[in-house]
Structures are given as structure tokens and as C-alpha cells.
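Notes to accompany the following structure.
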Amino acid sequence: MRYYASLGYGDEGGVIKGESNKRYNATVNLNANYKKVSINFQLLGNYQKHDFLASGINVMDYAYNMARTMPAYGTDGELFYYPINNSFGNIYNYNILHELDNSGNQQLTNNLNLRTQLRYNLLQCLNLDGIFSYGISNTTQEEYYTGDTKYVFDLRADRSLRSDMCPLGGQLKREETRNNNWMARLQANFMKNFGANNQHLLTASAGVEATSTEYKGFAITRRGYFREYGGYFDYVPTDYAMYYQQFMASDEGKGKRTRNLQNELAYYGTVGYGFRDTYIFNVHMRAERSNLFGTRANDEFSPIWSVSGRWNMKKDILRKVDWVTDVALRASWGYQGNMIPGQTSQMIIRQSTLTDYIFNQPYATITNYPNPNLKWEKTSSSNVGLDFALFNNKVRGTISYFYKHTSDAFLTKKISEINGITQYVVNAGTLNNQGVELSFSFTPIDQANISGGKRGFVWRIDPQIGEVINKVVNRAINNKTNVLRDELTYNDFLNGNLDVAGKPVGTFYSYKFKGLDHETGAPVFYGCEDEKQEEYKAEYANLTREEVFLKVMEESGCREPYIQGGISNYFGYGNWGLSFNLTYSLGNKIRLSKICSGYATNVAYPQQNLRKEFVNRWRRPGDEAYTNIPGLSTEATTNYAMWWNNYPATAYSFAGTVYDMYDNSDLRVVSGNYLKLQTLSLRYNVDDKLTKLLGIQAAYINLVGTNLFTLCSSKLKGQDPSQSGSAPALNLSVRPSYSLNISLTF
């Protein structure tokens, strides 16, 4: 019998002050053997406490947009407040530190996982495995705002009985989730050598597996909450009409329970044959059934097949080539099926708890439309690879190619509203995905076992290259636009959330920047110039929405890189080891962070911070010849009505304001190529003589740094290349982190 136990603790401070994440974990493992029976038992427990900021307070956005002249404290040492108007004209005195002190968000999570395995050896070549695992996870999250916060101030609107959504105190939101999962598997394993010199090897395994995953959740929000007085809830008078009619009638106010249950039953089998460890051939089959599948997928267990083989060329045609240490050719082919959740063969109607205000009767809504003919999404995969080692393992590597073909892919189609819904999932997509992966390992110097037994100098370098090419290959629904979906918005083109025949997945588009207006400094774009609006209206009225989008936009590139990889280096001498890993990405394009909408503004207020680019903005007629940064809006340009947002052009409206178009223009698209120092590690293994004196088996100290620096386009100006720039809120770029690990083995 052998057993071990471990305890762990982690305390990670957040990038933002006030945020923290503390973790406690424990592990117990037991192994026992008795005659033909072996048992393994493992128990893992984890508790985590995560404190972070309330979701309604974005300190990054505040730090980015607030002028540096606005102090946190006044000359008297007290908090400095400045006035903010809400949409009803009411004034709120704001200070970010005050907001943080009167709000918070805490998440508590505990996990317990049990796994046990029982093996019985029937024969020397045959054994039975029984595995059972069970896991449970509970999460409780509470977010609060006191009545003295901007969040609650906005809820109170004009503070009238009719409009006030939080008449008393503040707000507490509580969410509870519980996850249960279990897995039971019974498997038989066979392995037998036979023939002269045991040159033949036959292996086989077969089993049945059942899994279940259940998720339960409950969320509720209550107002009239007084955290400062012990955390009690006060009664809200029924005179506040909006509070009761809108908030208390919503799922948020009433409380909402959710449940998701996924059960699966599968059987599988594998047969393998090997000859002299030179030729290896395997066949694998698996079939499964799930409660998520529709009626057609449930007709029978749909089997999934795969075959694979390996040829050890070193033991065959290259056995006499001395400089070849090892080389093997491998190949595989198989296919798999996939069914998305949320689809059902039966119509599901949900009874509303509200009453229709016109008919004064309860009503129901369709939550799931029947989809009995939905089939599996099928993907066939092929892979060919060459593994090699040369010059006594000084050069090692892998070269592989894969190809995937997906048919009957799921696509969302628009249908008539008379069906009760507006969208329907069908099997109508086809996708090809292929790629090349190169992985090498060079050991130019290896003196690990010389110098009188003391470990000498070692240098190892491991470059990796991966290229992925994906393409939608369907025939287009509209031969002019090649767009596969019926209903698209211009934001789908801007964000790359669309499938275009013949284009890689993730292809996005941008408005075509023409210049700045001579009189106002506002941006101007090809395909929508104001002086040509009558001409465009006549042309666009005869085009589909997608055709109009492609008239005013142009392809900018792909969000996904074509080539990704890394280069690892290791230097070792004696008890010391130094390693670092460089990662790189090539071929994708990203947008710069917004400067005219979203992050900053096109209208400047006294407390507003603006990006440095606005120093070189348009100021007077003629500046458009020297700059492409728009001028700040005046009242005239702010209220300027865009012709494409007025009838009849609303039928094909392709943008918001010209300032939105500027942030999504080709001018704001740059290369996403980068080279990053991902990790740097320095490790010291304590000498064996010292560990013996300390009464321990082994010990080491390891110092690790991650995300230390990134080389990328200078046009990013501090924006991390992994951030697209299209998110609605500002995110802090990836920051360096450091850790010190001390390991003792007794």
C-alpha cells in the first residue's frame, strides 16, 4: 500500500487594487495491491475566495477617460467630488474612491472530486477495469451597491413615484450555482505477445461508459438593501409603480432558477496489431447517445470510426543508416459527429407569469421550436506525420499535416414570424480546415553526464511552427455576395461574425476612409459621401443589404493568424537551469482601440481625458491636408443626421455615425504580428549533500516570469496585439507576472 497527501495555498493579488484571489486545496491519493486486485483512490478538494470590483464600476475606463487634472482628494485632505448629470438633469457628486468603498463583488467556490479505480487481473493477458468518478462544485456570488452610489442614483431616475426603480437603500444580487457530474466505466483490456521471439503483439479493449452532468442555478436581485446596517432589507411601498410593474415582475426581481441535465451512454472498442515494433495498426470505434440529440440522431447509436497506423522505418529500411537514430511514419483517419444543445424534436412552450395588458389574460411563449430533422454535424479528419531523431538524438522533430472536412454544419436561417420564432437551425454548412505543424528540438551541446560525474553544460532549443488554413466552401445563397446566412447586420461584417464562401473563417471588413471634411473636420468615407446621397440612394435601393455592405466596406483581413508557434531554449549547468519561451503569431489583422466612440468621445467635456492623437487633430479648414485625426464635434456636427439612417435608406442602413465609422475604418486596421517573451525561468536544484543533511529527499527553488515583453507593430501604441480593439469596454493589456516556487520532497 502506498499513499500520499498534499496541501496548497495561493494568494494572488489583482491587477486592480482591491481585487484578490485566495485558493486552498488538498489532495489525498491511495494505491493498494492484493494478489490480482489493485485499487487507486484519489480525493481532491478546493476552496477559492475571489474579491473583485462590482460590474457597474469600470476603473479602467475611468482611468483612461478621466482628465489627469481631476484630483482624488481636495486640498483639505477629503475626497474631491465633481458633478455628473443623469439623463433627467439630476446632479450626482462623483468620486471613484467613494464608489469603490460603497460597492463590492465576492465569489466563493468549493469543489470536491472523487475518483476510484478497481482493476482485476483475470489472466496474465486480460484484466477488467472499473472506474467511477464523482464531482461537485458550488459557487456563491454576491454583488452589492449601497444607496450612496452612482449605480443606484441612476436607478432612481427622476426620483418620482412613477419612475424610481430603487426607492430605498441599495441593491444586492446573489447567484448560486451547483454542478454535479459523475462517470462510470467498465472496460476489458487484452494484450498478448505471440509467435517466434514474440514478434507479434495483439491488443484490444472494449467497454461501456455512462456520464451525467447536471447544472442548477438560482439568481435573484433585491433592492431596499442596507448593507451599512447589518445587511437587512426594508419594505418598499407599493406607490412606486415602476418598481413593482417592471423590476419586481422581471426574472431579476422575482428570482430565476435554471437547470440543465446532460446524460450520455456510450460503448467503444479498440483493436491493435503490432509486428516487431515496426508496423502498428489500430482500429477504434465509439458510439454514444445523449438526451441532447434530436429524434433522428436518437434513432440508433451512431458509430464513430477511426483507423491509424505507424511504420517504424528505423527498424526496417533505415536500420543500417547510422546517423538516423529513429524515424517513424504515422497516419490516421476518422470521423466524428456533433449535436448542439438547445435543439429538440418537440415544441416547448413556457407559460408566462405575467398577464397580457391588452387582453387581460395569461399567455405563453415558444421557447424551443421543434426541429426533428436536424442531423449530426459530421467531421472527417485525416492526419499524416513524420517523427524523427538524428545524430544520436541531437536533432529531433515532427512534421505533420492535417485536413478536416465538416459537412451538414449547423447554420441559423431566418424564417417567417408566423412560426412563432424568427430563426431556425439547419444542416447547411460545409467547412474545410487544413494545416501544417512543424516541431523541432536541437541539442547542440549535451555534457550532462561528463565532468567527473558532475552535470556539465546543456543547451537545448525547440522551435515550433503551426499553420492553419480554413475556408468556407459552400455554394453561396446569393451568388453576388457569397454570404451563407439569410439575415446579417453591418456589425457582423465589421466583427467578422459571418460565413463567406471561399473566405477564411474570421474574415472581417472595414469602411473605406476617404479623408476629413474641409468645413467640419468630420471623417468622410467612400460609398456614402453626403453630396452623392441621391445617387447612392437610387443605386442601393436595388441591392440587397449584404451587397450594400460590400459597397461601403472592403475586406481587411482575418482575425485568426495563419502561422503561430514558439521557440523554447534551455541552458543547464550543474544544479542551475535557465529556460525561456518565445511565442509568435503572423498573418492576422486587428483594429486599434477606438478613439472617437466607445472608449473616448467625439465630444470633449471638462473632466474628459482624450488620447494623445487628438493633439494632432483637425482644428481649422485646410488641416485635412496634414492629419487624419477628426476634429472634436460641435453642436452642428453632433446633431448631424446621417442620410443612411433616415427613411427610405433605413432598409439597408450600413453604419451609425461617421465617428463610429472612423473607429471601424481601414485606417484603424494594423498588423497583429508579434513576438512575445512568454516565460523566463531560473531554477536551482539543491545539492544532494545538503538535502541529506536537512533530512529531505529533494528540493528546488524556481523563479518564473511571464509576459515580460512583446515586439509588435509600433502603430499599436501600447495596445496588446491579442486585443481586437472592438470590445465595448477598455481592458488592461496583458501585464507581466512573477512567481517564486519552493518545492520540498520528503
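Identifiers for the C-alpha cells are assigned positionally: chains receive A, B, ... in sequence, residues are indexed from 1 per chain, and ligands are indexed from 1 in the order shown.
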
Selection: 8 Å around Tyr267 of chain A, only C-alpha atoms, excl. self and same-chain fewer than 3 positions, as number ranges by chain: A: 206-209, 286-288

Could you write out the selected residues, including N, CA and C atoms, as a PDB file, in the first residue's frame?
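Saved as part.pdb:
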ATOM      1  N   ALA A 206     -12.382  -2.947 -24.812  1.00  0.00           N
ATOM      2  CA  ALA A 206     -13.783  -2.654 -25.090  1.00  0.00           C
ATOM      3  C   ALA A 206     -14.453  -2.281 -23.781  1.00  0.00           C
ATOM      4  N   GLY A 207     -15.431  -1.422 -23.880  1.00  0.00           N
ATOM      5  CA  GLY A 207     -16.091  -1.003 -22.653  1.00  0.00           C
ATOM      6  C   GLY A 207     -17.370  -0.248 -22.904  1.00  0.00           C
ATOM      7  N   VAL A 208     -18.008   0.059 -21.803  1.00  0.00           N
ATOM      8  CA  VAL A 208     -19.221   0.855 -21.829  1.00  0.00           C
ATOM      9  C   VAL A 208     -19.054   1.965 -20.802  1.00  0.00           C
ATOM     10  N   GLU A 209     -19.578   3.147 -21.122  1.00  0.00           N
ATOM     11  CA  GLU A 209     -19.374   4.320 -20.267  1.00  0.00           C
ATOM     12  C   GLU A 209     -20.666   5.116 -20.171  1.00  0.00           C
ATOM     13  N   ARG A 286     -16.493   4.066 -31.583  1.00  0.00           N
ATOM     14  CA  ARG A 286     -17.230   4.558 -30.425  1.00  0.00           C
ATOM     15  C   ARG A 286     -18.626   4.980 -30.885  1.00  0.00           C
ATOM     16  N   ALA A 287     -19.622   4.655 -30.080  1.00  0.00           N
ATOM     17  CA  ALA A 287     -20.996   5.074 -30.370  1.00  0.00           C
ATOM     18  C   ALA A 287     -21.602   5.603 -29.085  1.00  0.00           C
ATOM     19  N   GLU A 288     -22.356   6.668 -29.193  1.00  0.00           N
ATOM     20  CA  GLU A 288     -22.926   7.254 -27.991  1.00  0.00           C
ATOM     21  C   GLU A 288     -24.310   7.818 -28.274  1.00  0.00           C
TER      22      GLU A 288
END

Quick one: which segment 516-625 of chain A residues come within 10 Å of segment 487-502 of chain A, and what is the nearest atom pair for each with the distance in Å to one decimal, counting only C-alpha atoms, rows ordered by chain and ascending number, as JSON lines?
{"residue": "A:Arg545", "atom": "CA", "partner": "A:Leu488", "partner_atom": "CA", "distance": 8.0}
{"residue": "A:Glu546", "atom": "CA", "partner": "A:Leu488", "partner_atom": "CA", "distance": 7.2}
{"residue": "A:Val548", "atom": "CA", "partner": "A:Tyr490", "partner_atom": "CA", "distance": 9.4}
{"residue": "A:Phe549", "atom": "CA", "partner": "A:Tyr490", "partner_atom": "CA", "distance": 6.4}
{"residue": "A:Leu550", "atom": "CA", "partner": "A:Phe493", "partner_atom": "CA", "distance": 8.7}
{"residue": "A:Met553", "atom": "CA", "partner": "A:Phe493", "partner_atom": "CA", "distance": 8.5}
{"residue": "A:Glu554", "atom": "CA", "partner": "A:Phe493", "partner_atom": "CA", "distance": 9.6}
{"residue": "A:Glu555", "atom": "CA", "partner": "A:Phe493", "partner_atom": "CA", "distance": 9.0}
{"residue": "A:Ser556", "atom": "CA", "partner": "A:Leu494", "partner_atom": "CA", "distance": 9.3}
{"residue": "A:Gly557", "atom": "CA", "partner": "A:Gly496", "partner_atom": "CA", "distance": 9.4}
{"residue": "A:Cys558", "atom": "CA", "partner": "A:Gly496", "partner_atom": "CA", "distance": 7.9}
{"residue": "A:Arg559", "atom": "CA", "partner": "A:Gly496", "partner_atom": "CA", "distance": 7.5}
{"residue": "A:Arg591", "atom": "CA", "partner": "A:Asn495", "partner_atom": "CA", "distance": 9.8}

A:Glu264, A:Glu99, A:Asp239, A:Asp462 ranked by distance to Phe442 of chain A, top pick (using only C-alpha atoms): A:Asp462

Residue contacts of segment 395-407 of chain A (6 Å, only C-alpha atoms) excluding same-chain residues fewer than 5 positions away, as an NGL selection string: :A and (378-390 or 430-442)

Can I get the selection written as a tab-separated table (two decimals), in the first residue's frame, with C-alpha atoms?
chain	number	residue	atom	x	y	z
A	378	LYS	CA	-20.14	15.33	-39.34
A	379	THR	CA	-16.40	15.95	-39.43
A	380	SER	CA	-13.86	13.68	-41.11
A	381	SER	CA	-10.23	14.11	-40.07
A	382	SER	CA	-7.02	12.96	-41.75
A	383	ASN	CA	-3.52	13.26	-40.34
A	384	VAL	CA	-0.10	12.31	-41.68
A	385	GLY	CA	3.08	12.82	-39.69
A	386	LEU	CA	6.79	12.01	-39.64
A	387	ASP	CA	8.64	11.70	-36.30
A	388	PHE	CA	12.42	11.57	-36.42
A	389	ALA	CA	15.58	11.72	-34.32
A	390	LEU	CA	19.00	12.24	-35.90
A	430	THR	CA	-19.50	22.91	-45.26
A	431	LEU	CA	-16.09	23.82	-43.90
A	432	ASN	CA	-12.57	22.75	-44.84
A	433	ASN	CA	-9.76	23.14	-42.36
A	434	GLN	CA	-6.16	22.14	-43.01
A	435	GLY	CA	-2.81	22.89	-41.51
A	436	VAL	CA	0.87	22.05	-41.20
A	437	GLU	CA	2.70	21.68	-37.91
A	438	LEU	CA	6.47	21.61	-37.54
A	439	SER	CA	8.16	20.87	-34.24
A	440	PHE	CA	11.91	20.53	-33.74
A	441	SER	CA	14.29	20.01	-30.86
A	442	PHE	CA	18.01	20.68	-31.18

Write out as a PDB file with C-alpha atoms, in the first residue's frame which residues come within 12 Å of Tyr225 of chain A when counting only C-alpha atoms, dropping same-chain ones fewer than 5 positions away.
ATOM      1  CA  GLU A 143     -22.602  41.850  -5.670  1.00  0.00           C
ATOM      2  CA  TYR A 144     -23.807  44.892  -3.778  1.00  0.00           C
ATOM      3  CA  TYR A 145     -24.241  48.655  -4.155  1.00  0.00           C
ATOM      4  CA  THR A 146     -25.209  50.878  -1.267  1.00  0.00           C
ATOM      5  CA  GLY A 147     -27.732  53.664  -1.751  1.00  0.00           C
ATOM      6  CA  ASP A 148     -24.856  56.144  -1.892  1.00  0.00           C
ATOM      7  CA  VAL A 152     -28.299  53.396  -7.517  1.00  0.00           C
ATOM      8  CA  CYS A 166     -34.713  51.749  -6.195  1.00  0.00           C
ATOM      9  CA  PRO A 167     -36.656  53.908  -3.740  1.00  0.00           C
ATOM     10  CA  LEU A 168     -34.879  52.708  -0.600  1.00  0.00           C
ATOM     11  CA  GLY A 169     -31.321  51.691   0.234  1.00  0.00           C
ATOM     12  CA  GLY A 170     -29.162  49.882  -2.284  1.00  0.00           C
ATOM     13  CA  GLN A 171     -29.049  46.610  -4.193  1.00  0.00           C
ATOM     14  CA  LEU A 172     -27.835  43.071  -3.524  1.00  0.00           C
ATOM     15  CA  LYS A 173     -27.534  40.479  -6.294  1.00  0.00           C
ATOM     16  CA  GLY A 230     -26.077  44.793   9.069  1.00  0.00           C
ATOM     17  CA  GLY A 231     -27.380  43.852   5.652  1.00  0.00           C
ATOM     18  CA  TYR A 232     -31.160  43.893   6.068  1.00  0.00           C
ATOM     19  CA  PHE A 233     -33.926  44.595   3.515  1.00  0.00           C
ATOM     20  CA  ASP A 234     -36.537  47.275   4.068  1.00  0.00           C
ATOM     21  CA  TYR A 235     -40.112  47.262   2.778  1.00  0.00           C
ATOM     22  CA  VAL A 236     -40.651  49.211  -0.453  1.00  0.00           C
TER      23      VAL A 236
END

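If only C-alpha atoms are the atoms counted, then among A:Leu161, A:Val59, A:Pro362, A:Asn179 the closest residue to Leu261 of chain A is A:Asn179.
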
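Assigned to alpha helix (DSSP H) in segment 223-279 of chain A, given DSSP computed from backbone atoms, are Ala241, Met242, Asp251, Glu252, Gly253 and Lys254 of chain A.
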